[in-house]
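**Student:** Sending over run_12.cif (mmCIF, C-alpha atoms and all ligand atoms).
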```
data_start
#
loop_
_atom_site.label_atom_id
_atom_site.label_comp_id
_atom_site.auth_asym_id
_atom_site.auth_seq_id
_atom_site.Cartn_x
_atom_site.Cartn_y
_atom_site.Cartn_z
CA MET A 1 5.06 -12.91 -2.79
CA LYS A 2 8.78 -12.55 -3.21
CA ALA A 3 9.27 -9.28 -5.06
CA ASN A 4 12.96 -9.66 -5.82
CA LEU A 5 15.14 -12.06 -7.72
CA SER A 6 18.64 -12.27 -6.30
CA LEU A 7 21.55 -12.04 -8.71
CA GLY A 8 24.13 -12.81 -6.02
CA SER A 9 26.46 -10.31 -4.44
CA ILE A 10 29.46 -8.16 -5.30
CA ALA A 11 31.84 -7.00 -2.54
CA GLY A 12 29.34 -8.21 0.05
CA ILE A 13 26.48 -6.17 -1.45
CA LYS A 14 23.39 -8.09 -2.55
CA ILE A 15 22.16 -7.37 -6.07
CA ASN A 16 18.41 -7.85 -6.53
CA VAL A 17 16.13 -7.43 -9.49
CA HIS A 18 12.59 -6.26 -8.74
CA TRP A 19 9.96 -8.39 -10.52
CA THR A 20 8.61 -5.35 -12.41
CA PHE A 21 11.94 -5.26 -14.27
CA PHE A 22 10.76 -8.25 -16.28
CA LEU A 23 7.79 -6.22 -17.51
CA LEU A 24 10.37 -4.08 -19.27
CA ILE A 25 11.70 -7.12 -21.14
CA VAL A 26 8.16 -8.18 -22.05
CA TRP A 27 7.47 -4.64 -23.26
CA ILE A 28 10.58 -4.72 -25.49
CA VAL A 29 9.46 -8.00 -27.06
CA PHE A 30 5.98 -6.63 -27.78
CA ASP A 31 7.32 -3.32 -29.03
CA GLN A 32 9.70 -5.06 -31.42
CA MET A 33 6.97 -7.39 -32.67
CA LYS A 34 4.69 -4.41 -33.29
CA ARG A 35 7.43 -2.80 -35.39
CA GLY A 36 7.78 -5.98 -37.41
CA GLY A 37 11.04 -7.02 -35.77
CA ASN A 38 12.45 -10.54 -36.05
CA THR A 39 14.10 -12.77 -33.46
CA ALA A 40 17.48 -11.18 -34.11
CA SER A 41 16.20 -7.65 -33.52
CA ILE A 42 14.38 -8.72 -30.35
CA LEU A 43 17.53 -10.39 -28.96
CA TYR A 44 19.64 -7.37 -29.97
CA ASN A 45 17.33 -5.03 -28.06
CA ILE A 46 17.14 -7.27 -25.00
CA ALA A 47 20.94 -7.59 -24.99
CA PHE A 48 21.14 -3.82 -25.20
CA ILE A 49 18.78 -3.22 -22.26
CA LEU A 50 20.62 -5.81 -20.16
CA THR A 51 23.94 -4.10 -20.92
CA VAL A 52 22.42 -0.74 -19.96
CA PHE A 53 21.38 -2.22 -16.65
CA VAL A 54 24.88 -3.57 -16.08
CA CYS A 55 25.96 0.09 -16.39
CA VAL A 56 23.25 1.00 -13.86
CA ILE A 57 24.55 -1.66 -11.42
CA LEU A 58 28.08 -0.30 -11.87
CA HIS A 59 26.72 3.20 -11.16
CA GLU A 60 25.11 2.01 -7.92
CA LEU A 61 28.28 0.11 -6.99
CA GLY A 62 30.09 3.44 -7.39
CA HIS A 63 27.90 4.89 -4.63
CA ALA A 64 28.15 1.76 -2.49
CA LEU A 65 31.93 1.37 -2.67
CA MET A 66 32.50 5.06 -1.94
CA ALA A 67 30.13 4.74 1.04
CA LYS A 68 32.12 1.72 2.18
CA ARG A 69 35.22 3.91 2.38
CA PHE A 70 33.35 5.94 5.02
CA LYS A 71 32.33 2.76 6.88
CA ILE A 72 28.74 2.93 5.63
CA LYS A 73 27.36 -0.44 4.58
CA THR A 74 25.00 -0.97 1.66
CA LYS A 75 22.28 -3.50 2.39
CA LYS A 76 21.41 -4.16 -1.23
CA ILE A 77 21.22 -2.78 -4.73
CA THR A 78 17.80 -3.15 -6.34
CA LEU A 79 17.15 -2.87 -10.06
CA LEU A 80 13.81 -1.38 -11.05
CA PRO A 81 12.59 -0.67 -14.59
CA ILE A 82 13.24 3.04 -13.94
CA GLY A 83 16.79 2.51 -12.66
CA GLY A 84 18.70 1.27 -9.66
CA ILE A 85 18.62 2.00 -5.95
CA ALA A 86 21.52 1.43 -3.56
CA SER A 87 20.07 1.02 -0.06
CA LEU A 88 22.72 2.62 2.10
CA GLU A 89 22.53 1.90 5.79
CA ARG A 90 22.57 5.66 6.37
CA ILE A 91 23.30 8.87 4.49
CA PRO A 92 26.62 10.39 5.55
CA GLU A 93 26.09 13.52 7.65
CA SER A 94 29.39 15.07 6.67
CA PRO A 95 28.81 17.22 3.55
CA LYS A 96 32.13 16.20 2.03
CA GLN A 97 31.33 12.50 2.41
CA GLU A 98 27.81 12.92 1.03
CA PHE A 99 29.24 14.82 -1.93
CA LEU A 100 31.74 12.05 -2.72
CA VAL A 101 29.16 9.26 -2.31
CA ALA A 102 26.66 11.09 -4.55
CA ILE A 103 29.14 11.96 -7.28
CA ALA A 104 30.72 8.47 -7.38
CA GLY A 105 27.72 6.99 -9.24
CA PRO A 106 27.63 9.41 -12.19
CA LEU A 107 31.45 9.33 -12.33
CA VAL A 108 31.27 5.61 -13.12
CA ASN A 109 29.12 6.44 -16.18
CA VAL A 110 31.55 9.19 -17.16
CA CYS A 111 34.31 6.56 -17.14
CA ILE A 112 32.25 4.07 -19.17
CA ALA A 113 31.34 6.80 -21.69
CA ALA A 114 34.97 7.88 -21.98
CA LEU A 115 36.07 4.28 -22.48
CA LEU A 116 33.48 3.79 -25.21
CA PHE A 117 34.39 7.13 -26.79
CA PHE A 118 37.93 5.91 -27.35
CA THR A 119 37.23 2.25 -28.19
CA ILE A 120 34.60 2.94 -30.81
CA PRO A 121 35.82 5.71 -33.02
CA ILE A 122 32.91 8.08 -32.34
CA HIS A 123 34.31 10.46 -34.97
CA ASP A 124 33.95 7.78 -37.62
CA ILE A 125 30.33 7.30 -36.70
CA LEU A 126 29.56 11.00 -36.64
CA ASN A 127 31.32 11.49 -39.97
CA GLN A 128 28.93 9.12 -41.71
CA ASN A 129 27.06 10.34 -44.71
CA PHE A 130 23.92 11.42 -42.93
CA ASN A 131 21.75 10.92 -45.98
CA ASP A 132 21.93 7.25 -45.16
CA SER A 133 22.07 7.88 -41.43
CA TYR A 134 18.70 6.32 -40.71
CA VAL A 135 19.72 3.12 -42.45
CA PHE A 136 23.12 3.26 -40.80
CA PHE A 137 21.86 3.79 -37.25
CA SER A 138 19.15 1.20 -37.48
CA ARG A 139 21.59 -1.55 -38.41
CA PHE A 140 22.15 -4.13 -35.71
CA THR A 141 25.92 -3.86 -35.63
CA LEU A 142 28.32 -4.03 -32.72
CA GLN A 143 29.47 -0.51 -33.55
CA ASN A 144 25.93 0.86 -33.25
CA PHE A 145 25.41 -1.13 -30.08
CA LEU A 146 28.43 0.52 -28.48
CA PHE A 147 27.49 3.92 -29.87
CA TYR A 148 24.04 3.75 -28.28
CA LEU A 149 25.60 2.52 -25.06
CA PHE A 150 27.82 5.60 -25.15
CA LEU A 151 24.75 7.84 -25.59
CA VAL A 152 22.92 6.10 -22.75
CA ASN A 153 25.85 6.60 -20.38
CA VAL A 154 26.07 10.28 -21.28
CA GLY A 155 22.31 10.45 -20.73
CA LEU A 156 22.62 8.72 -17.34
CA VAL A 157 25.19 11.29 -16.22
CA LEU A 158 23.06 14.25 -17.37
CA PHE A 159 19.83 12.84 -15.96
CA ASN A 160 21.28 11.89 -12.58
CA MET A 161 22.94 15.27 -12.20
CA ILE A 162 19.62 17.15 -12.45
CA PRO A 163 19.53 18.82 -9.02
CA ALA A 164 16.33 17.04 -8.01
CA PHE A 165 16.92 15.83 -4.46
CA PRO A 166 17.10 12.91 -3.60
CA MET A 167 18.58 12.16 -7.03
CA ASP A 168 22.39 12.32 -7.20
CA GLY A 169 22.47 15.91 -8.49
CA GLY A 170 20.20 16.93 -5.62
CA ARG A 171 22.54 15.31 -3.09
CA VAL A 172 25.47 17.08 -4.66
CA LEU A 173 23.49 20.33 -4.31
CA ARG A 174 22.59 19.65 -0.68
CA SER A 175 26.12 18.74 0.32
CA ALA A 176 27.49 21.82 -1.45
CA LEU A 177 24.95 24.00 0.38
CA ALA A 178 25.66 22.24 3.69
CA MET A 179 29.29 23.30 3.44
CA LYS A 180 28.05 26.92 3.62
CA MET A 181 25.01 26.69 5.93
CA ASN A 182 23.47 24.26 8.41
CA ARG A 183 22.19 20.91 7.17
CA VAL A 184 18.54 21.52 7.96
CA LYS A 185 18.45 24.70 5.84
CA ALA A 186 20.49 23.05 3.08
CA THR A 187 18.08 20.10 2.98
CA GLN A 188 15.07 22.41 2.87
CA ILE A 189 16.45 24.24 -0.16
CA ALA A 190 17.48 21.01 -1.91
CA ALA A 191 14.11 19.38 -1.15
CA SER A 192 12.15 22.37 -2.50
CA THR A 193 14.29 22.37 -5.65
CA GLY A 194 13.66 18.62 -5.91
CA GLN A 195 9.90 19.05 -5.60
CA PHE A 196 9.97 21.79 -8.22
CA PHE A 197 11.64 19.34 -10.64
CA ALA A 198 9.18 16.64 -9.59
CA VAL A 199 6.31 18.87 -10.76
CA LEU A 200 8.14 19.51 -14.07
CA PHE A 201 8.68 15.75 -14.53
CA LEU A 202 5.04 15.15 -13.74
CA ILE A 203 3.90 17.60 -16.43
CA PHE A 204 6.32 16.16 -19.03
CA GLY A 205 5.33 12.69 -17.92
CA LEU A 206 1.65 13.33 -18.46
CA LEU A 207 2.35 14.85 -21.87
CA TYR A 208 5.08 12.59 -23.23
CA ASN A 209 6.39 9.71 -21.17
CA PRO A 210 4.60 7.93 -18.30
CA ILE A 211 7.91 6.67 -16.82
CA LEU A 212 8.60 10.27 -15.81
CA ILE A 213 5.46 10.18 -13.65
CA PHE A 214 7.00 7.42 -11.52
CA ILE A 215 10.25 9.32 -11.28
CA ALA A 216 8.31 12.46 -10.28
CA LEU A 217 6.58 10.51 -7.52
CA PHE A 218 9.88 9.01 -6.35
CA ILE A 219 11.48 12.46 -6.14
CA PHE A 220 8.48 14.10 -4.52
CA LEU A 221 8.09 11.50 -1.75
CA GLY A 222 11.86 11.08 -1.35
CA ALA A 223 12.43 14.81 -0.95
CA TYR A 224 9.61 15.04 1.57
CA GLY A 225 10.81 12.02 3.57
CA GLU A 226 14.45 13.00 3.74
CA ASN A 227 13.59 16.57 4.66
CA GLN A 228 11.58 15.19 7.54
CA ILE A 229 14.34 12.85 8.71
CA VAL A 230 16.87 15.70 8.75
CA ASN A 231 14.42 17.90 10.67
CA HIS A 232 13.78 15.14 13.19
CA LEU A 233 17.48 14.44 13.71
CA ALA A 234 18.07 18.17 14.26
CA ILE A 235 15.29 18.26 16.88
CA LEU A 236 16.65 15.18 18.67
CA ASN A 237 20.24 16.41 18.62
CA GLY A 238 21.65 16.52 22.14
CA HIS A 239 18.64 14.82 23.73
CA LYS A 240 18.97 11.57 25.64
CA VAL A 241 16.89 8.39 25.80
CA GLN A 242 15.84 9.04 29.41
CA GLU A 243 13.96 12.20 28.31
CA ALA A 244 11.65 10.36 25.94
CA MET A 245 11.22 6.92 27.52
CA MET A 246 8.07 5.53 29.13
CA THR A 247 8.47 4.75 32.79
CA ASN A 248 4.95 3.67 33.58
CA ILE A 249 5.31 0.12 32.36
CA THR A 250 4.11 -3.38 33.13
CA THR A 251 6.64 -6.21 33.31
CA PHE A 252 6.09 -9.96 33.42
CA ASN A 253 7.79 -12.99 34.92
CA PRO A 254 8.79 -15.86 32.64
CA ASN A 255 6.18 -18.09 34.27
CA ASP A 256 3.23 -15.72 33.89
CA THR A 257 0.36 -17.07 31.79
CA ILE A 258 -0.80 -15.77 28.44
CA ASN A 259 -4.16 -14.89 30.00
CA LYS A 260 -2.54 -12.44 32.35
CA VAL A 261 -0.74 -10.82 29.39
CA LEU A 262 -3.92 -10.65 27.28
CA LYS A 263 -5.81 -9.00 30.15
CA THR A 264 -3.09 -6.35 30.44
CA ILE A 265 -3.23 -5.65 26.69
CA ILE A 266 -7.01 -5.24 26.73
CA SER A 267 -7.18 -3.11 29.89
CA GLY A 268 -4.34 -0.74 29.00
CA THR A 269 -2.48 0.74 26.03
CA GLU A 270 0.78 -1.22 26.24
CA ASN A 271 1.49 -3.68 23.42
CA ASN A 272 5.02 -4.92 24.06
CA PHE A 273 6.50 -5.92 27.40
CA ILE A 274 9.76 -6.63 29.21
CA VAL A 275 10.27 -9.98 30.90
CA LEU A 276 12.14 -9.88 34.21
CA LYS A 277 13.63 -12.64 36.33
CA GLY A 278 14.23 -10.90 39.62
CA ALA A 279 15.74 -7.61 38.45
CA VAL A 280 17.38 -9.07 35.34
CA ILE A 281 15.92 -8.50 31.88
CA ILE A 282 15.73 -11.90 30.21
CA GLY A 283 13.45 -11.23 27.28
CA VAL A 284 11.10 -9.02 25.33
CA LEU A 285 7.50 -9.94 24.64
CA TYR A 286 6.37 -8.58 21.27
CA HIS A 287 2.76 -7.89 20.43
CA LYS A 288 2.79 -10.07 17.31
CA ASP A 289 4.06 -13.09 19.26
CA ILE A 290 1.40 -12.61 21.93
CA ILE A 291 -1.37 -12.50 19.31
CA GLU A 292 0.15 -15.49 17.51
CA ASN A 293 -0.11 -17.57 20.70
CA SER A 294 -3.33 -16.08 22.05
CA HIS A 295 -5.34 -19.25 21.36
CA LYS A 296 -2.98 -21.49 23.37
CA GLU A 297 -4.38 -21.44 26.87
CA ASP A 298 -1.44 -23.01 28.68
CA CYS A 299 1.20 -20.89 26.94
CA LEU A 300 3.60 -19.09 29.28
CA VAL A 301 5.52 -15.86 28.86
CA LYS A 302 8.82 -17.74 28.53
CA ASP A 303 7.44 -19.69 25.54
CA MET A 304 6.56 -16.54 23.62
CA MET A 305 9.33 -14.12 24.51
CA THR A 306 12.35 -13.19 22.39
CA THR A 307 15.74 -13.36 24.05
CA LYS A 308 17.50 -11.37 21.32
CA PHE A 309 16.97 -7.64 21.86
CA THR A 310 18.86 -4.36 21.86
CA LEU A 311 19.40 -2.74 25.25
CA LEU A 312 19.56 1.04 25.39
CA LYS A 313 21.18 3.10 28.11
CA ALA A 314 19.47 6.09 29.74
CA LYS A 315 22.25 8.39 28.50
CA ASP A 316 22.22 7.11 24.89
CA ASP A 317 21.46 9.68 22.19
CA LEU A 318 17.88 9.78 20.93
CA LYS A 319 19.31 10.18 17.43
CA LYS A 320 20.66 6.65 17.76
CA VAL A 321 17.18 5.34 18.66
CA TYR A 322 15.68 7.20 15.68
CA GLU A 323 18.17 5.58 13.33
CA LEU A 324 17.60 2.15 14.88
CA ILE A 325 13.84 2.47 14.45
CA TYR A 326 14.07 3.64 10.85
CA SER A 327 16.72 1.22 9.66
CA LYS A 328 15.42 -1.96 11.34
CA SER A 329 12.08 -3.57 11.79
CA ASN A 330 12.56 -3.40 15.55
CA THR A 331 10.72 -0.55 17.28
CA PHE A 332 10.69 -1.41 20.98
CA PHE A 333 13.67 -1.23 23.34
CA PRO A 334 14.26 -1.67 27.07
CA VAL A 335 16.21 1.16 28.74
CA VAL A 336 18.66 0.45 31.56
CA LYS A 337 20.65 2.50 34.04
CA GLN A 338 23.49 0.58 35.69
CA ASP A 339 22.01 -2.68 34.45
CA GLU A 340 18.65 -1.95 36.01
CA LEU A 341 15.48 -1.56 33.94
CA ILE A 342 14.19 2.02 34.22
CA GLY A 343 11.87 2.27 31.25
CA VAL A 344 11.17 1.43 27.59
CA ILE A 345 11.13 3.40 24.37
CA ASP A 346 9.23 2.68 21.16
CA ALA A 347 8.41 4.37 17.85
CA ILE A 348 5.11 5.84 19.05
CA ASN A 349 6.74 7.39 22.10
CA LEU A 350 9.59 8.80 20.08
CA ASN A 351 7.12 10.38 17.64
CA GLU A 352 5.20 11.85 20.55
CA TYR A 353 8.41 13.34 21.88
CA LEU A 354 9.23 14.76 18.43
CA LEU A 355 5.82 16.45 18.17
CA ILE A 356 6.25 18.09 21.57
CA GLN A 357 9.86 19.16 20.95
CA ALA A 358 8.97 20.57 17.53
CA LYS A 359 6.40 22.85 19.21
CA LEU A 360 8.89 23.86 21.92
CA THR A 361 11.70 24.76 19.54
CA HIS A 362 9.65 26.72 17.00
ZN ZN B 1 23.13 7.44 -8.49
#
```
Once you've parsed the file, please lay out its structure as structure tokens.
**Tutor:**
Amino acid sequence: MKANLSLGSIAGIKINVHWTFFLLIVWIVFDQMKRGGNTASILYNIAFILTVFVCVILHELGHALMAKRFKIKTKKITLLPIGGIASLERIPESPKQEFLVAIAGPLVNVCIAALLFFTIPIHDILNQNFNDSYVFFSRFTLQNFLFYLFLVNVGLVLFNMIPAFPMDGGRVLRSALAMKMNRVKATQIAASTGQFFAVLFLIFGLLYNPILIFIALFIFLGAYGENQIVNHLAILNGHKVQEAMMTNITTFNPNDTINKVLKTIISGTENNFIVLKGAVIIGVLYHKDIIENSHKEDCLVKDMMTTKFTLLKAKDDLKKVYELIYSKSNTFFPVVKQDELIGVIDAINLNEYLLIQAKLTH
């Protein structure tokens, strides 16, 4: 099932809406009907939510365009009922850059709020006779629309600046700490603070608002995951591909049969293979393609292999491999030294190496 609806792209960044977002619209319609609302009130509320989410997209674009200044691409921006997510290709390691990328989102909402503050005379609204305030604020007027939009943008700034890593405020906290101490320690502190807030959100969520439960889960898992990534990158720092690669590997010729490959898979633990013509690497044979073709008896290696692959060098940084594995679906790479195949590296091997190194360094 396709989970996202594409809204097109802005500045080369795809904007997607997750299907669950439409549940929010359905919920608004039902909620309004329950309160005895008419078509006009339903449309007014839907228009309001859509405008709020335009502000959310602008917020995420704030992050994305700031990241772009530091040559970090954003794959997509996804809208969920609980907010937006900008999928940055990577998180900047420099504290100053992370700070600027994190703060750019809330700053967009500060600008929108300021703009609204001056276009709608907020003073006029607040100087209303508050005896009639309920009637006044429940009127479907443009002025009220903009007033609520102002409140939502102020709310977005305050909420996002809660120092619950990996929310924006948490990133601001981590980057500020990382200017004073090393990144691993800074992340640990920010992640613990984040998980503390996640527990608070969970309690409030259970008592008052179930949406907070999702946010709590997002923060809890996010803080855990990012803490782990930073720890792993710190462990891998300075280590090279040749230290973690597998050298005991089977290779195939393009004209080998699928039976030969299947026998090797069954009798050993290797799943993916390199295809050699003489000493030259001409392809990679992925496990899923082998299984896909396993019923075709006369299939040859050259019919199943992929000729598009990323070559790694023995002296490449392991951090680079880690980032490749976690940002792409590809998890298996040939390793060469002066154009000659000397081994392979995959996600399982890299994890194995991490487990061993973690024991050695602690
Ligand atoms: Zn943000």
**Student:** Quick one: which chain A residues come within 12 Å of ligand ZN 1 (chain B), and what is the nearest atom pair for each with the distance in Å to one decimal, counting all atoms listed in the file, rows ordered by chain and ascending number, as a tab-separated table?
**Tutor:**
```
residue	atom	partner	partner_atom	distance
A:Cys55	CA	B:ZN1	ZN	11.2
A:Val56	CA	B:ZN1	ZN	8.4
A:Ile57	CA	B:ZN1	ZN	9.7
A:Leu58	CA	B:ZN1	ZN	9.8
A:His59	CA	B:ZN1	ZN	6.2
A:Glu60	CA	B:ZN1	ZN	5.8
A:Leu61	CA	B:ZN1	ZN	9.1
A:Gly62	CA	B:ZN1	ZN	8.1
A:His63	CA	B:ZN1	ZN	6.6
A:Ala64	CA	B:ZN1	ZN	9.7
A:Met66	CA	B:ZN1	ZN	11.7
A:Ile77	CA	B:ZN1	ZN	11.1
A:Gly83	CA	B:ZN1	ZN	9.0
A:Gly84	CA	B:ZN1	ZN	7.7
A:Ile85	CA	B:ZN1	ZN	7.5
A:Ala86	CA	B:ZN1	ZN	7.9
A:Ser87	CA	B:ZN1	ZN	11.0
A:Leu88	CA	B:ZN1	ZN	11.6
A:Glu98	CA	B:ZN1	ZN	11.9
A:Phe99	CA	B:ZN1	ZN	11.6
A:Leu100	CA	B:ZN1	ZN	11.3
A:Val101	CA	B:ZN1	ZN	8.8
A:Ala102	CA	B:ZN1	ZN	6.4
A:Ile103	CA	B:ZN1	ZN	7.6
A:Ala104	CA	B:ZN1	ZN	7.7
A:Gly105	CA	B:ZN1	ZN	4.7
A:Pro106	CA	B:ZN1	ZN	6.1
A:Leu107	CA	B:ZN1	ZN	9.4
A:Val108	CA	B:ZN1	ZN	9.5
A:Asn109	CA	B:ZN1	ZN	9.8
A:Leu156	CA	B:ZN1	ZN	9.0
A:Val157	CA	B:ZN1	ZN	8.9
A:Leu158	CA	B:ZN1	ZN	11.2
A:Phe159	CA	B:ZN1	ZN	9.8
A:Asn160	CA	B:ZN1	ZN	6.3
A:Met161	CA	B:ZN1	ZN	8.7
A:Ile162	CA	B:ZN1	ZN	11.1
A:Pro163	CA	B:ZN1	ZN	11.9
A:Ala164	CA	B:ZN1	ZN	11.8
A:Phe165	CA	B:ZN1	ZN	11.2
A:Pro166	CA	B:ZN1	ZN	9.5
A:Met167	CA	B:ZN1	ZN	6.7
A:Asp168	CA	B:ZN1	ZN	5.1
A:Gly169	CA	B:ZN1	ZN	8.5
A:Gly170	CA	B:ZN1	ZN	10.3
A:Arg171	CA	B:ZN1	ZN	9.6
A:Val172	CA	B:ZN1	ZN	10.6
```
**Student:** Select, from A:Leu355, A:Ile258, A:Ile229, A:Ile291, the residue with the minimum atom-to-atom distance to Ile325 of chain A, counting all atoms listed in the file.
**Tutor:** A:Ile229
**Student:** Give me the residues within 12 Å of Lys260 of chain A as a list of chain:residue names, counting all atoms listed in the file and dropping any in the same chain fewer than 3 places off.
**Tutor:** A:Thr250, A:Thr251, A:Phe252, A:Asn253, A:Pro254, A:Asn255, A:Asp256, A:Thr257, A:Lys263, A:Thr264, A:Ile265, A:Ile266, A:Ser267, A:Ile290, A:Ser294, A:Glu297, A:Asp298, A:Cys299, A:Leu300, A:Val301
**Student:** Can you work out the spacing between atom CA of Asn227 of chain A and atom CA of Gln97 of chain A in Å, to one decimal?
**Tutor:**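 Taking atom CA of Asn227 of chain A as the start and atom CA of Gln97 of chain A as the end point, the length is 18.3 Å.
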**Student:** Of the residues A:Thr247, A:Gln188, A:Thr78, A:Thr310, which is the one nearest to Thr20 of chain A, using only C-alpha atoms?
**Tutor:**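 So, comparing all the options, the nearest one is A:Thr78.
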**Student:** Find, counting only C-alpha atoms, the residue in A:Lys73, A:Lys320, A:His232, A:Lys240 that gets nearest to Asn351 of chain A.
**Tutor:**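 Checking each of A:Lys73, A:Lys320, A:His232, A:Lys240 against Asn351 of chain A, counting only C-alpha atoms, the winner is A:His232.
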**Student:** Any idea what's packed within 10 Å of Ile274 of chain A, counting all atoms listed in the file, ignoring anything in its chain fewer than 4 positions away? Could you give it as a tab-separated table (two decimals) with C-alpha atoms, keeping the file's coordinate frame?
**Tutor:**
```
chain	number	residue	atom	x	y	z
A	249	ILE	CA	5.31	0.12	32.36
A	250	THR	CA	4.11	-3.38	33.13
A	251	THR	CA	6.64	-6.21	33.31
A	252	PHE	CA	6.09	-9.96	33.42
A	253	ASN	CA	7.79	-12.99	34.92
A	254	PRO	CA	8.79	-15.86	32.64
A	281	ILE	CA	15.92	-8.50	31.88
A	282	ILE	CA	15.73	-11.90	30.21
A	283	GLY	CA	13.45	-11.23	27.28
A	284	VAL	CA	11.10	-9.02	25.33
A	285	LEU	CA	7.50	-9.94	24.64
A	286	TYR	CA	6.37	-8.58	21.27
A	305	MET	CA	9.33	-14.12	24.51
A	306	THR	CA	12.35	-13.19	22.39
A	332	PHE	CA	10.69	-1.41	20.98
A	333	PHE	CA	13.67	-1.23	23.34
A	334	PRO	CA	14.26	-1.67	27.07
A	341	LEU	CA	15.48	-1.56	33.94
A	343	GLY	CA	11.87	2.27	31.25
A	344	VAL	CA	11.17	1.43	27.59
```
**Student:** For Asp346 of chain A, work out the shell of residues within 12 Å, counting only C-alpha atoms and skipping chain neighbours fewer than 3 positions away, then give it as a ChimeraX atom specification.
**Tutor:** /A:241,244-247,270-273,286,310,312,318,321-322,324-326,329-335,343,349-353
**Student:** Between atom CA of Gly36 of chain A and atom CA of His18 of chain A, what is the distance in Å, rounded to a tenth?
**Tutor:**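 Separation between atom CA of Gly36 of chain A and atom CA of His18 of chain A: 29.1 Å.
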**Student:** Using Å and a single decimal, report how far atom CA of Glu93 of chain A sits from atom CA of Lys313 of chain A.
**Tutor:**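 We find that atom CA of Lys313 of chain A and atom CA of Glu93 of chain A lie 23.5 Å from each other.
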